[in-house]
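The next block is final09.cif, given as mmCIF, C-alpha atoms.
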data_upload
#
loop_
_atom_site.group_PDB
_atom_site.id
_atom_site.type_symbol
_atom_site.label_atom_id
_atom_site.label_comp_id
_atom_site.auth_asym_id
_atom_site.auth_seq_id
_atom_site.Cartn_x
_atom_site.Cartn_y
_atom_site.Cartn_z
ATOM 1 C CA MET A 9 130.367 79.703 133.735
ATOM 2 C CA ARG A 10 128.498 82.617 132.186
ATOM 3 C CA GLU A 11 128.405 80.948 128.765
ATOM 4 C CA LYS A 12 127.099 77.755 130.315
ATOM 5 C CA ARG A 13 124.281 79.552 132.134
ATOM 6 C CA ASN A 14 123.258 81.397 128.966
ATOM 7 C CA LYS A 15 123.333 78.156 126.991
ATOM 8 C CA ASN A 16 121.153 76.378 129.526
ATOM 9 C CA LYS A 17 118.690 79.236 129.542
ATOM 10 C CA LEU A 18 118.454 79.242 125.755
ATOM 11 C CA ASN A 19 117.961 75.491 125.707
ATOM 12 C CA ASP A 20 115.200 75.878 128.259
ATOM 13 C CA VAL A 21 113.435 78.444 126.055
ATOM 14 C CA ILE A 22 113.713 76.120 123.055
ATOM 15 C CA VAL A 23 112.131 73.309 125.062
ATOM 16 C CA ARG A 24 109.298 75.620 126.127
ATOM 17 C CA LEU A 25 108.688 76.753 122.555
ATOM 18 C CA LYS A 26 108.470 73.114 121.485
ATOM 19 C CA ARG A 27 105.959 72.538 124.268
ATOM 20 C CA ILE A 28 103.805 75.386 122.906
ATOM 21 C CA ARG A 29 104.018 74.060 119.345
ATOM 22 C CA ASN A 30 103.045 70.596 120.489
ATOM 23 C CA PHE A 31 100.101 72.075 122.391
ATOM 24 C CA TYR A 32 98.537 73.886 119.422
ATOM 25 C CA SER A 33 99.225 71.099 116.929
ATOM 26 C CA GLU A 34 96.130 69.382 115.536
ATOM 27 C CA SER A 35 97.142 66.039 117.016
ATOM 28 C CA SER A 36 97.436 67.397 120.568
ATOM 29 C CA THR A 37 94.869 66.254 123.140
ATOM 30 C CA GLN A 38 96.401 68.155 126.038
ATOM 31 C CA SER A 39 94.045 70.512 127.887
ATOM 32 C CA ILE A 40 95.046 74.077 128.652
ATOM 33 C CA LYS A 41 95.022 73.398 132.401
ATOM 34 C CA GLU A 42 97.418 70.497 131.892
ATOM 35 C CA PHE A 43 99.595 72.718 129.730
ATOM 36 C CA LEU A 44 99.667 75.507 132.321
ATOM 37 C CA GLU A 45 100.384 73.198 135.232
ATOM 38 C CA TYR A 46 104.144 73.258 134.676
ATOM 39 C CA LYS A 47 104.029 77.053 134.964
ATOM 40 C CA ARG A 48 102.898 76.996 138.588
ATOM 41 C CA ASP A 49 105.297 77.380 141.491
ATOM 42 C CA THR A 50 105.166 75.297 144.673
ATOM 43 C CA ASN A 51 102.304 77.493 145.921
ATOM 44 C CA ALA A 52 100.322 76.919 142.702
ATOM 45 C CA ARG A 53 100.879 80.512 141.581
ATOM 46 C CA PHE A 54 102.029 81.666 138.148
ATOM 47 C CA THR A 55 105.176 83.431 139.289
ATOM 48 C CA TYR A 56 107.683 81.991 136.819
ATOM 49 C CA ASP A 57 108.907 83.986 133.830
ATOM 50 C CA TRP A 58 107.621 83.045 130.372
ATOM 51 C CA PRO A 59 110.508 84.064 128.075
ATOM 52 C CA GLU A 60 109.158 81.823 125.319
ATOM 53 C CA LEU A 61 106.243 84.245 124.847
ATOM 54 C CA PHE A 62 108.689 87.013 124.012
ATOM 55 C CA PHE A 63 110.210 84.836 121.293
ATOM 56 C CA LEU A 64 106.733 83.885 120.089
ATOM 57 C CA ARG A 65 106.077 87.558 119.289
ATOM 58 C CA MET A 66 108.637 87.235 116.498
ATOM 59 C CA ASP A 67 106.076 85.146 114.586
ATOM 60 C CA LEU A 68 102.569 86.458 115.240
ATOM 61 C CA ASN A 69 100.997 83.751 113.094
ATOM 62 C CA GLU A 70 102.355 81.236 115.566
ATOM 63 C CA LEU A 71 101.180 83.343 118.497
ATOM 64 C CA ALA A 72 97.694 83.450 116.967
ATOM 65 C CA LEU A 73 97.589 79.660 116.646
ATOM 66 C CA PHE A 74 98.599 79.322 120.277
ATOM 67 C CA LEU A 75 96.043 81.827 121.609
ATOM 68 C CA LEU A 76 93.173 80.448 119.531
ATOM 69 C CA LYS A 77 93.957 76.941 120.749
ATOM 70 C CA ILE A 78 93.210 78.192 124.278
ATOM 71 C CA GLU A 79 89.417 78.049 124.234
ATOM 72 C CA ASP A 80 89.061 78.736 127.958
ATOM 73 C CA ILE A 81 88.742 82.519 127.834
ATOM 74 C CA ASN A 82 90.185 83.137 131.317
ATOM 75 C CA ALA A 83 93.180 80.942 130.531
ATOM 76 C CA ARG A 84 93.733 82.872 127.302
ATOM 77 C CA ARG A 85 93.571 86.120 129.260
ATOM 78 C CA LEU A 86 96.103 84.715 131.725
ATOM 79 C CA VAL A 87 98.561 84.178 128.878
ATOM 80 C CA ILE A 88 97.787 87.518 127.213
ATOM 81 C CA MET A 89 98.387 89.443 130.428
ATOM 82 C CA ARG A 90 101.914 88.136 130.834
ATOM 83 C CA GLU A 91 104.495 90.920 130.801
ATOM 84 C CA GLU A 92 106.343 89.125 128.001
ATOM 85 C CA LEU A 93 103.347 89.767 125.704
ATOM 86 C CA THR A 94 102.030 93.161 126.822
ATOM 87 C CA GLY A 95 105.303 94.723 127.922
ATOM 88 C CA PHE A 96 103.702 95.787 131.219
ATOM 89 C CA SER A 97 104.196 94.184 134.613
ATOM 90 C CA LYS A 98 101.406 93.995 137.186
ATOM 91 C CA ASN A 99 103.191 96.668 139.171
ATOM 92 C CA SER A 100 103.367 99.084 136.229
ATOM 93 C CA LEU A 101 99.692 98.491 135.386
ATOM 94 C CA PHE A 102 98.881 99.378 138.986
ATOM 95 C CA THR A 103 101.068 102.454 139.371
ATOM 96 C CA ASP A 104 100.710 103.883 135.854
ATOM 97 C CA PHE A 105 97.100 103.046 134.967
ATOM 98 C CA ARG A 106 95.381 102.379 138.311
ATOM 99 C CA ILE A 107 94.551 98.782 137.417
ATOM 100 C CA ASN A 108 94.808 96.884 140.677
ATOM 101 C CA ASN A 109 95.699 93.264 141.322
ATOM 102 C CA ASN A 110 92.124 92.377 142.281
ATOM 103 C CA GLN A 111 90.902 93.443 138.849
ATOM 104 C CA LEU A 112 93.613 91.427 137.109
ATOM 105 C CA THR A 113 92.931 88.377 139.288
ATOM 106 C CA LYS A 114 89.255 88.376 138.353
ATOM 107 C CA PHE A 115 90.121 88.899 134.710
ATOM 108 C CA THR A 116 92.478 85.908 134.538
ATOM 109 C CA ASP A 117 90.963 83.551 137.123
ATOM 110 C CA ILE A 118 91.170 80.076 135.582
ATOM 111 C CA GLU A 119 89.794 78.500 138.760
ATOM 112 C CA ASN A 120 86.503 80.418 138.395
ATOM 113 C CA ARG A 121 86.666 81.542 142.004
ATOM 114 C CA HIS A 122 85.557 85.103 141.278
ATOM 115 C CA TYR A 123 82.821 86.908 139.450
ATOM 116 C CA ASN A 124 83.671 88.318 136.051
ATOM 117 C CA GLY A 125 82.846 91.935 136.929
ATOM 118 C CA ILE A 126 85.559 94.573 137.042
ATOM 119 C CA THR A 127 85.300 96.443 140.324
ATOM 120 C CA GLU A 128 86.052 99.999 141.311
ATOM 121 C CA SER A 129 89.433 101.117 142.576
ATOM 122 C CA THR A 130 90.364 100.854 146.234
ATOM 123 C CA PRO A 131 91.302 103.963 148.287
ATOM 124 C CA LEU A 132 94.975 102.941 148.146
ATOM 125 C CA HIS A 133 94.607 102.477 144.430
ATOM 126 C CA GLU A 134 93.230 106.022 144.087
ATOM 127 C CA SER A 135 96.199 107.493 145.968
ATOM 128 C CA PHE A 136 98.525 106.743 143.055
ATOM 129 C CA GLY A 137 99.028 108.995 140.075
ATOM 130 C CA GLY A 138 98.843 107.825 136.493
ATOM 131 C CA ARG A 139 95.958 107.667 134.058
ATOM 132 C CA ARG A 140 92.673 106.183 135.205
ATOM 133 C CA ILE A 141 91.599 103.643 132.588
ATOM 134 C CA ILE A 142 88.319 102.520 134.178
ATOM 135 C CA GLN A 143 85.984 105.503 134.495
ATOM 136 C CA VAL A 144 82.733 103.749 135.447
ATOM 137 C CA PRO A 145 82.564 101.244 138.346
ATOM 138 C CA ASN A 146 81.595 97.672 137.376
ATOM 139 C CA TYR A 147 81.703 98.522 133.689
ATOM 140 C CA PRO A 148 84.436 96.555 131.920
ATOM 141 C CA GLY A 149 84.390 98.323 128.553
ATOM 142 C CA GLU A 150 87.368 100.606 129.148
ATOM 143 C CA PHE A 151 89.308 97.852 130.895
ATOM 144 C CA LEU A 152 88.863 95.346 128.076
ATOM 145 C CA ALA A 153 89.570 97.985 125.432
ATOM 146 C CA PHE A 154 92.799 99.000 127.147
ATOM 147 C CA ILE A 155 93.967 95.388 127.340
ATOM 148 C CA ALA A 156 93.182 95.005 123.624
ATOM 149 C CA LEU A 157 95.227 98.151 122.970
ATOM 150 C CA ILE A 158 98.357 97.148 124.874
ATOM 151 C CA SER A 159 98.252 93.522 123.679
ATOM 152 C CA ARG A 160 97.598 94.486 120.020
ATOM 153 C CA LEU A 161 94.713 92.035 119.789
ATOM 154 C CA PRO A 162 91.143 92.365 118.495
ATOM 155 C CA LEU A 163 88.738 92.954 121.371
ATOM 156 C CA GLN A 164 86.800 89.759 120.677
ATOM 157 C CA TRP A 165 89.897 87.674 121.432
ATOM 158 C CA LEU A 166 89.439 88.738 125.064
ATOM 159 C CA LEU A 167 85.728 87.924 125.129
ATOM 160 C CA SER A 168 84.993 84.899 122.974
ATOM 161 C CA SER A 169 86.287 81.345 123.071
ATOM 162 C CA PHE A 170 85.952 81.214 119.290
ATOM 163 C CA PRO A 171 86.558 84.770 118.041
ATOM 164 C CA GLU A 172 86.350 85.749 114.410
ATOM 165 C CA GLU A 173 89.774 85.953 112.833
ATOM 166 C CA VAL A 174 89.299 89.511 111.605
ATOM 167 C CA TRP A 175 90.962 92.769 112.581
ATOM 168 C CA SER A 176 89.015 95.246 114.689
ATOM 169 C CA ILE A 177 89.364 98.806 115.946
ATOM 170 C CA GLU A 178 86.231 98.771 118.111
ATOM 171 C CA HIS A 179 88.303 99.193 121.276
ATOM 172 C CA PHE A 180 89.181 102.750 120.203
ATOM 173 C CA GLY A 181 85.540 103.716 120.726
ATOM 174 C CA PHE A 182 85.525 102.460 124.312
ATOM 175 C CA LEU A 183 88.709 104.217 125.362
ATOM 176 C CA ASN A 184 87.836 107.801 124.401
ATOM 177 C CA ASP A 185 91.520 108.547 124.950
ATOM 178 C CA VAL A 186 92.780 111.195 122.500
ATOM 179 C CA SER A 187 90.720 112.691 119.678
ATOM 180 C CA LEU A 188 92.287 115.425 117.550
ATOM 181 C CA PHE A 189 91.482 117.268 114.377
ATOM 182 C CA TYR A 190 94.016 116.386 111.716
ATOM 183 C CA GLY A 191 96.859 118.872 111.537
ATOM 184 C CA LYS A 192 100.625 118.926 111.910
ATOM 185 C CA SER A 193 100.630 121.483 114.737
ATOM 186 C CA GLU A 194 98.062 119.559 116.797
ATOM 187 C CA TRP A 195 99.957 116.321 116.220
ATOM 188 C CA VAL A 196 103.329 117.778 117.232
ATOM 189 C CA LYS A 197 101.760 119.322 120.321
ATOM 190 C CA PHE A 198 100.380 115.922 121.308
ATOM 191 C CA LEU A 199 103.752 114.204 120.833
ATOM 192 C CA LYS A 200 105.596 116.804 122.879
ATOM 193 C CA GLY A 201 103.025 116.371 125.642
ATOM 194 C CA LEU A 202 103.940 112.711 126.080
ATOM 195 C CA CYS A 203 106.269 111.904 128.961
ATOM 196 C CA HIS A 204 109.440 110.842 127.181
ATOM 197 C CA ASP A 205 110.949 108.782 130.021
ATOM 198 C CA SER A 206 107.932 106.533 130.610
ATOM 199 C CA HIS A 207 106.161 103.537 129.083
ATOM 200 C CA ASP A 208 102.655 104.348 127.917
ATOM 201 C CA VAL A 209 100.224 103.431 125.138
ATOM 202 C CA ARG A 210 97.605 105.825 123.782
ATOM 203 C CA ALA A 211 94.660 105.324 121.459
ATOM 204 C CA VAL A 212 94.562 108.353 119.168
ATOM 205 C CA ILE A 213 91.857 109.202 116.639
ATOM 206 C CA LEU A 214 92.797 111.886 114.116
ATOM 207 C CA ILE A 215 89.874 113.382 112.193
ATOM 208 C CA ASP A 216 90.434 115.214 108.922
ATOM 209 C CA LYS A 217 87.734 117.901 108.718
ATOM 210 C CA LEU A 218 88.037 118.256 104.934
ATOM 211 C CA THR A 219 87.501 114.606 104.024
ATOM 212 C CA ASN A 220 85.974 113.329 107.298
ATOM 213 C CA CYS A 221 88.661 110.646 107.150
ATOM 214 C CA LYS A 222 89.694 109.105 110.476
ATOM 215 C CA LEU A 223 93.087 107.701 111.384
ATOM 216 C CA TYR A 224 93.149 105.202 114.248
ATOM 217 C CA LEU A 225 96.618 105.329 115.758
ATOM 218 C CA ARG A 226 98.181 103.196 118.450
ATOM 219 C CA VAL A 227 100.920 105.356 119.941
ATOM 220 C CA GLU A 228 103.371 103.641 122.263
ATOM 221 C CA ILE A 229 106.172 105.490 123.987
ATOM 222 C CA LEU A 230 108.959 103.482 125.561
ATOM 223 C CA MET A 231 111.671 105.509 127.242
ATOM 224 C CA GLY A 232 112.080 107.982 124.408
ATOM 225 C CA THR A 233 111.102 105.775 121.466
ATOM 226 C CA VAL A 234 107.676 106.579 119.992
ATOM 227 C CA VAL A 235 105.996 103.897 117.871
ATOM 228 C CA ILE A 236 103.032 105.163 115.821
ATOM 229 C CA GLU A 237 100.969 102.385 114.303
ATOM 230 C CA LEU A 238 98.168 102.976 111.778
ATOM 231 C CA CYS A 239 95.448 100.525 112.828
ATOM 232 C CA ASN A 240 92.782 101.291 110.197
ATOM 233 C CA ILE A 241 91.211 98.259 108.544
ATOM 234 C CA ASN A 242 92.175 97.842 104.868
ATOM 235 C CA VAL A 243 94.025 101.158 104.740
ATOM 236 C CA SER A 244 93.100 103.278 101.719
ATOM 237 C CA SER A 245 95.613 105.338 99.762
ATOM 238 C CA LYS A 246 94.007 108.479 101.214
ATOM 239 C CA GLU A 247 94.482 107.246 104.785
ATOM 240 C CA TYR A 248 98.058 106.213 104.074
ATOM 241 C CA LYS A 249 98.935 109.611 102.575
ATOM 242 C CA LEU A 250 97.384 111.459 105.512
ATOM 243 C CA PHE A 251 99.326 109.245 107.907
ATOM 244 C CA MET A 252 102.687 109.764 106.221
ATOM 245 C CA LYS A 253 102.063 113.500 105.837
ATOM 246 C CA LEU A 254 102.211 113.787 109.634
ATOM 247 C CA PHE A 255 105.943 113.066 109.463
ATOM 248 C CA HIS A 256 106.851 115.188 106.453
ATOM 249 C CA GLY A 257 110.134 116.971 107.089
ATOM 250 C CA GLU A 258 110.847 114.882 110.190
ATOM 251 C CA SER A 259 113.441 112.200 110.841
ATOM 252 C CA TYR A 260 111.691 108.847 111.146
ATOM 253 C CA ILE A 261 111.945 105.126 110.454
ATOM 254 C CA TYR A 262 109.181 103.550 108.389
ATOM 255 C CA GLY A 263 108.115 99.935 108.355
ATOM 256 C CA TYR A 264 105.356 97.521 109.279
ATOM 257 C CA MET A 265 103.898 95.860 112.354
ATOM 258 C CA PRO A 266 102.297 92.467 111.643
ATOM 259 C CA THR A 267 99.297 91.434 113.738
ATOM 260 C CA VAL A 268 97.687 88.136 114.732
ATOM 261 C CA ILE A 269 95.466 88.593 111.663
ATOM 262 C CA PRO A 270 97.674 87.682 108.663
ATOM 263 C CA SER A 271 95.858 90.074 106.313
ATOM 264 C CA GLN A 272 96.307 93.041 108.687
ATOM 265 C CA ILE A 273 99.809 94.494 108.569
ATOM 266 C CA ASN A 274 99.933 97.988 110.024
ATOM 267 C CA HIS A 275 101.954 100.842 108.547
ATOM 268 C CA THR A 276 104.252 102.028 111.324
ATOM 269 C CA VAL A 277 106.530 104.988 111.915
ATOM 270 C CA ILE A 278 109.112 105.127 114.688
ATOM 271 C CA ILE A 279 110.597 108.389 115.916
ATOM 272 C CA ARG A 280 112.553 109.612 118.884
ATOM 273 C CA HIS A 281 110.658 111.831 121.286
ATOM 274 C CA PRO A 282 111.648 115.503 120.805
ATOM 275 C CA HIS A 283 112.861 115.714 124.416
ATOM 276 C CA SER A 284 114.713 112.402 124.519
ATOM 277 C CA MET A 285 118.408 111.725 123.985
ATOM 278 C CA ARG A 286 118.088 107.940 124.257
ATOM 279 C CA PRO A 287 118.746 105.690 121.250
ATOM 280 C CA ILE A 288 115.716 104.305 119.418
ATOM 281 C CA CYS A 289 114.621 100.826 120.474
ATOM 282 C CA TYR A 290 112.552 98.859 117.949
ATOM 283 C CA PRO A 291 109.628 96.636 118.994
ATOM 284 C CA ILE A 292 110.389 92.979 118.391
ATOM 285 C CA GLU A 293 107.521 92.760 115.868
ATOM 286 C CA PHE A 294 108.720 95.714 113.779
ATOM 287 C CA ILE A 295 109.819 95.102 110.186
ATOM 288 C CA ILE A 296 111.852 97.925 108.661
ATOM 289 C CA LYS A 297 111.047 98.721 105.059
ATOM 290 C CA PRO A 298 114.362 98.865 103.188
ATOM 291 C CA PRO A 299 115.014 102.001 101.130
ATOM 292 C CA SER A 300 114.102 101.795 97.468
ATOM 293 C CA LEU A 301 116.920 101.503 94.940
ATOM 294 C CA TYR A 302 114.896 103.391 92.337
#
Please rewrite the model in this file as structure tokens.
Amino acid sequence: MREKRNKNKLNDVIVRLKRIRNFYSESSTQSIKEFLEYKRDTNARFTYDWPELFFLRMDLNELALFLLKIEDINARRLVIMREELTGFSKNSLFTDFRINNNQLTKFTDIENRHYNGITESTPLHESFGGRRIIQVPNYPGEFLAFIALISRLPLQWLLSSFPEEVWSIEHFGFLNDVSLFYGKSEWVKFLKGLCHDSHDVRAVILIDKLTNCKLYLRVEILMGTVVIELCNINVSSKEYKLFMKLFHGESYIYGYMPTVIPSQINHTVIIRHPHSMRPICYPIEFIIKPPSLY
């Protein structure tokens, strides 16, 4: 019985992936609302799981085609905010980052029932711990930048129906998360300060005082695994050397993280948090660089 259930589930995912591919094909005339209709439950809510999105992350070129086909910006946001794409459930966004359900509903409202503004937290919302992402009421900059960070998408993909297909790091400027002077001791201190048994994503800017070079790092920690992604546009040899120097003498795994922009493939290092005993868990997008034979 177990094998049969697994087989049926896999077949269902394959059917859903085919549905996505048919949707973004050039010959398709299906609207996004028609496409999303089968995702609603009997109460017209989007409560069903979307496991096909998790599989779609294995080919980000395909994911890009799908997202760009969705020209309705709220509908695109609805897809982007699925846990299968961001890795965060609504509950974790609420408890860990103080992003409440009202804010998410306005952000992804495909029925256009709400205004587009991002409102201030409620008193209940404020009673939780976690990091506060939105610092200024009714100002969506931090909110949008954080969504761009966790979804690994250029900021314009959250704002424009027809975004430019270019990589961007502009969301780092909105977040004002972590800014450090370049140095091994400062970097190690930052890593040790991360909670090793949590799921969090930080936008880190490292500034080298000697060269004035800046490294834009997306640092994701997932239950002991730390994924450090160099997000600079068209990485120079100087930036690459500074990045790799951070891990000199340490045990790490080096590879790449593709993005929805084919020309932007980010150098990535994965380590285990100094205080964690858990095994390392790779992101589904991660490509390990094999060791050189020479």
Could you tell me, as a ChimeraX atom specification, which residues have any atom at most 12 Å from (108.9, 76.1, 123.6), counting only C-alpha atoms?
-> /A:17-32,43,58-64,70-71,74
Box for segment 260-268 of chain A: with edges along x, y and z, all listed atoms inside and 3 Å added on each side, what are the centre and edge lengths in Å to one decimal, as JSON?
{"center_x": 104.8, "center_y": 98.5, "center_z": 111.5, "size_x": 20.3, "size_y": 26.7, "size_z": 12.4}
When the PyMOL selection byres ((chain A and resi 157-172) around 8) is applied to the file above, which residues end up in the set, as a count of residues only?
-> 29
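This file gives the following result for the PyMOL selection byres ((chain A and resi 296) around 8): Ile261, Tyr262, Gly263, Tyr264, Phe294, Ile295, Lys297 and Pro298 of chain A.
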Selected residue, from A:Ser187, A:Asn82, A:Asn240, A:Ser259, that lies nearest to Asn274 of chain A when counting all atoms listed in the file =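 Between A:Ser187, A:Asn82, A:Asn240, A:Ser259, the residue approaching Asn274 of chain A most closely is A:Asn240.
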Which of A:Phe151, A:Phe198, A:Phe96, A:Phe54 sits closest to Leu230 of chain A [using all atoms listed in the file] | A:Phe96
Considering only C-alpha atoms, state which residue in the set A:Ile40, A:Val87, A:Trp195, A:Ile236 is at the smallest distance from Ala72 of chain A.
->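 Between A:Ile40, A:Val87, A:Trp195, A:Ile236, the residue approaching Ala72 of chain A most closely is A:Val87.
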Nearest to Ser35 of chain A by atom-to-atom distance, counting all atoms listed in the file, from A:Lys77, A:Asp216, A:Cys289, A:His283 =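 Among the listed residues, A:Lys77 lies closest to Ser35 of chain A.
Straight-line separation from atom CA of Gly191 of chain A to atom CA of Gln272 of chain A: 26.0 Å.
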Apply the PyMOL selection byres ((chain A and resi 251) around 12) to the structure shown and report the selected residues as a PyMOL selection string.
-> chain A and resi 190-192+195+213-216+221-225+236-240+243-250+252-256+262+274-277
Selection to disk with C-alpha atoms, as a short mmCIF file (atom, residue, chain, number, x, y, z; two decimals), in the coordinates of the input:
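Result file out_0.cif:
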data_model
loop_
_atom_site.label_atom_id
_atom_site.label_comp_id
_atom_site.auth_asym_id
_atom_site.auth_seq_id
_atom_site.Cartn_x
_atom_site.Cartn_y
_atom_site.Cartn_z
CA TYR A 190 94.02 116.39 111.72
CA GLY A 191 96.86 118.87 111.54
CA LYS A 192 100.62 118.93 111.91
CA TRP A 195 99.96 116.32 116.22
CA ILE A 213 91.86 109.20 116.64
CA LEU A 214 92.80 111.89 114.12
CA ILE A 215 89.87 113.38 112.19
CA ASP A 216 90.43 115.21 108.92
CA CYS A 221 88.66 110.65 107.15
CA LYS A 222 89.69 109.10 110.48
CA LEU A 223 93.09 107.70 111.38
CA TYR A 224 93.15 105.20 114.25
CA LEU A 225 96.62 105.33 115.76
CA ILE A 236 103.03 105.16 115.82
CA GLU A 237 100.97 102.38 114.30
CA LEU A 238 98.17 102.98 111.78
CA CYS A 239 95.45 100.52 112.83
CA ASN A 240 92.78 101.29 110.20
CA VAL A 243 94.02 101.16 104.74
CA SER A 244 93.10 103.28 101.72
CA SER A 245 95.61 105.34 99.76
CA LYS A 246 94.01 108.48 101.21
CA GLU A 247 94.48 107.25 104.78
CA TYR A 248 98.06 106.21 104.07
CA LYS A 249 98.94 109.61 102.58
CA LEU A 250 97.38 111.46 105.51
CA MET A 252 102.69 109.76 106.22
CA LYS A 253 102.06 113.50 105.84
CA LEU A 254 102.21 113.79 109.63
CA PHE A 255 105.94 113.07 109.46
CA HIS A 256 106.85 115.19 106.45
CA TYR A 262 109.18 103.55 108.39
CA ASN A 274 99.93 97.99 110.02
CA HIS A 275 101.95 100.84 108.55
CA THR A 276 104.25 102.03 111.32
CA VAL A 277 106.53 104.99 111.92
#
Correct to one decimal, the distance atom CA of His207 of chain A-atom CA of Lys47 of chain A is 27.2 Å
A:Ser33, A:Ser271, A:Thr55, A:Ser206: which is nearest Glu91 of chain A, counting all atoms listed in the file?
->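 For Glu91 of chain A, the nearest of the candidates is A:Thr55.
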For atom CA of Gln111 of chain A and atom CA of Ala83 of chain A, quote the distance in Å rounded to one decimal.
->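 Separation between atom CA of Gln111 of chain A and atom CA of Ala83 of chain A: 15.2 Å.
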Any idea what's packed within 9 Å of His281 of chain A, counting all atoms listed in the file, ignoring anything in its chain fewer than 5 positions away? Could you give it as JSON, numbers by chain?
-> {"A": [199, 200, 202, 203, 204, 229, 231, 232, 233, 234, 286]}
How would the residues just picked look written out with C-alpha atoms as a PDB file, in the frame of the given file?
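Writing done, so here's selection-v1.pdb:
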ATOM      1  CA  LEU A 199     103.752 114.204 120.833  1.00  0.00           C
ATOM      2  CA  LYS A 200     105.596 116.804 122.879  1.00  0.00           C
ATOM      3  CA  LEU A 202     103.940 112.711 126.080  1.00  0.00           C
ATOM      4  CA  CYS A 203     106.269 111.904 128.961  1.00  0.00           C
ATOM      5  CA  HIS A 204     109.440 110.842 127.181  1.00  0.00           C
ATOM      6  CA  ILE A 229     106.172 105.490 123.987  1.00  0.00           C
ATOM      7  CA  MET A 231     111.671 105.509 127.242  1.00  0.00           C
ATOM      8  CA  GLY A 232     112.080 107.982 124.408  1.00  0.00           C
ATOM      9  CA  THR A 233     111.102 105.775 121.466  1.00  0.00           C
ATOM     10  CA  VAL A 234     107.676 106.579 119.992  1.00  0.00           C
ATOM     11  CA  ARG A 286     118.088 107.940 124.257  1.00  0.00           C
TER      12      ARG A 286
END
Which residue gives the smallest distance to Ile107 of chain A among A:Leu86, A:Val212, A:Pro148, A:Asn69, with only C-alpha atoms counted?
-> A:Pro148
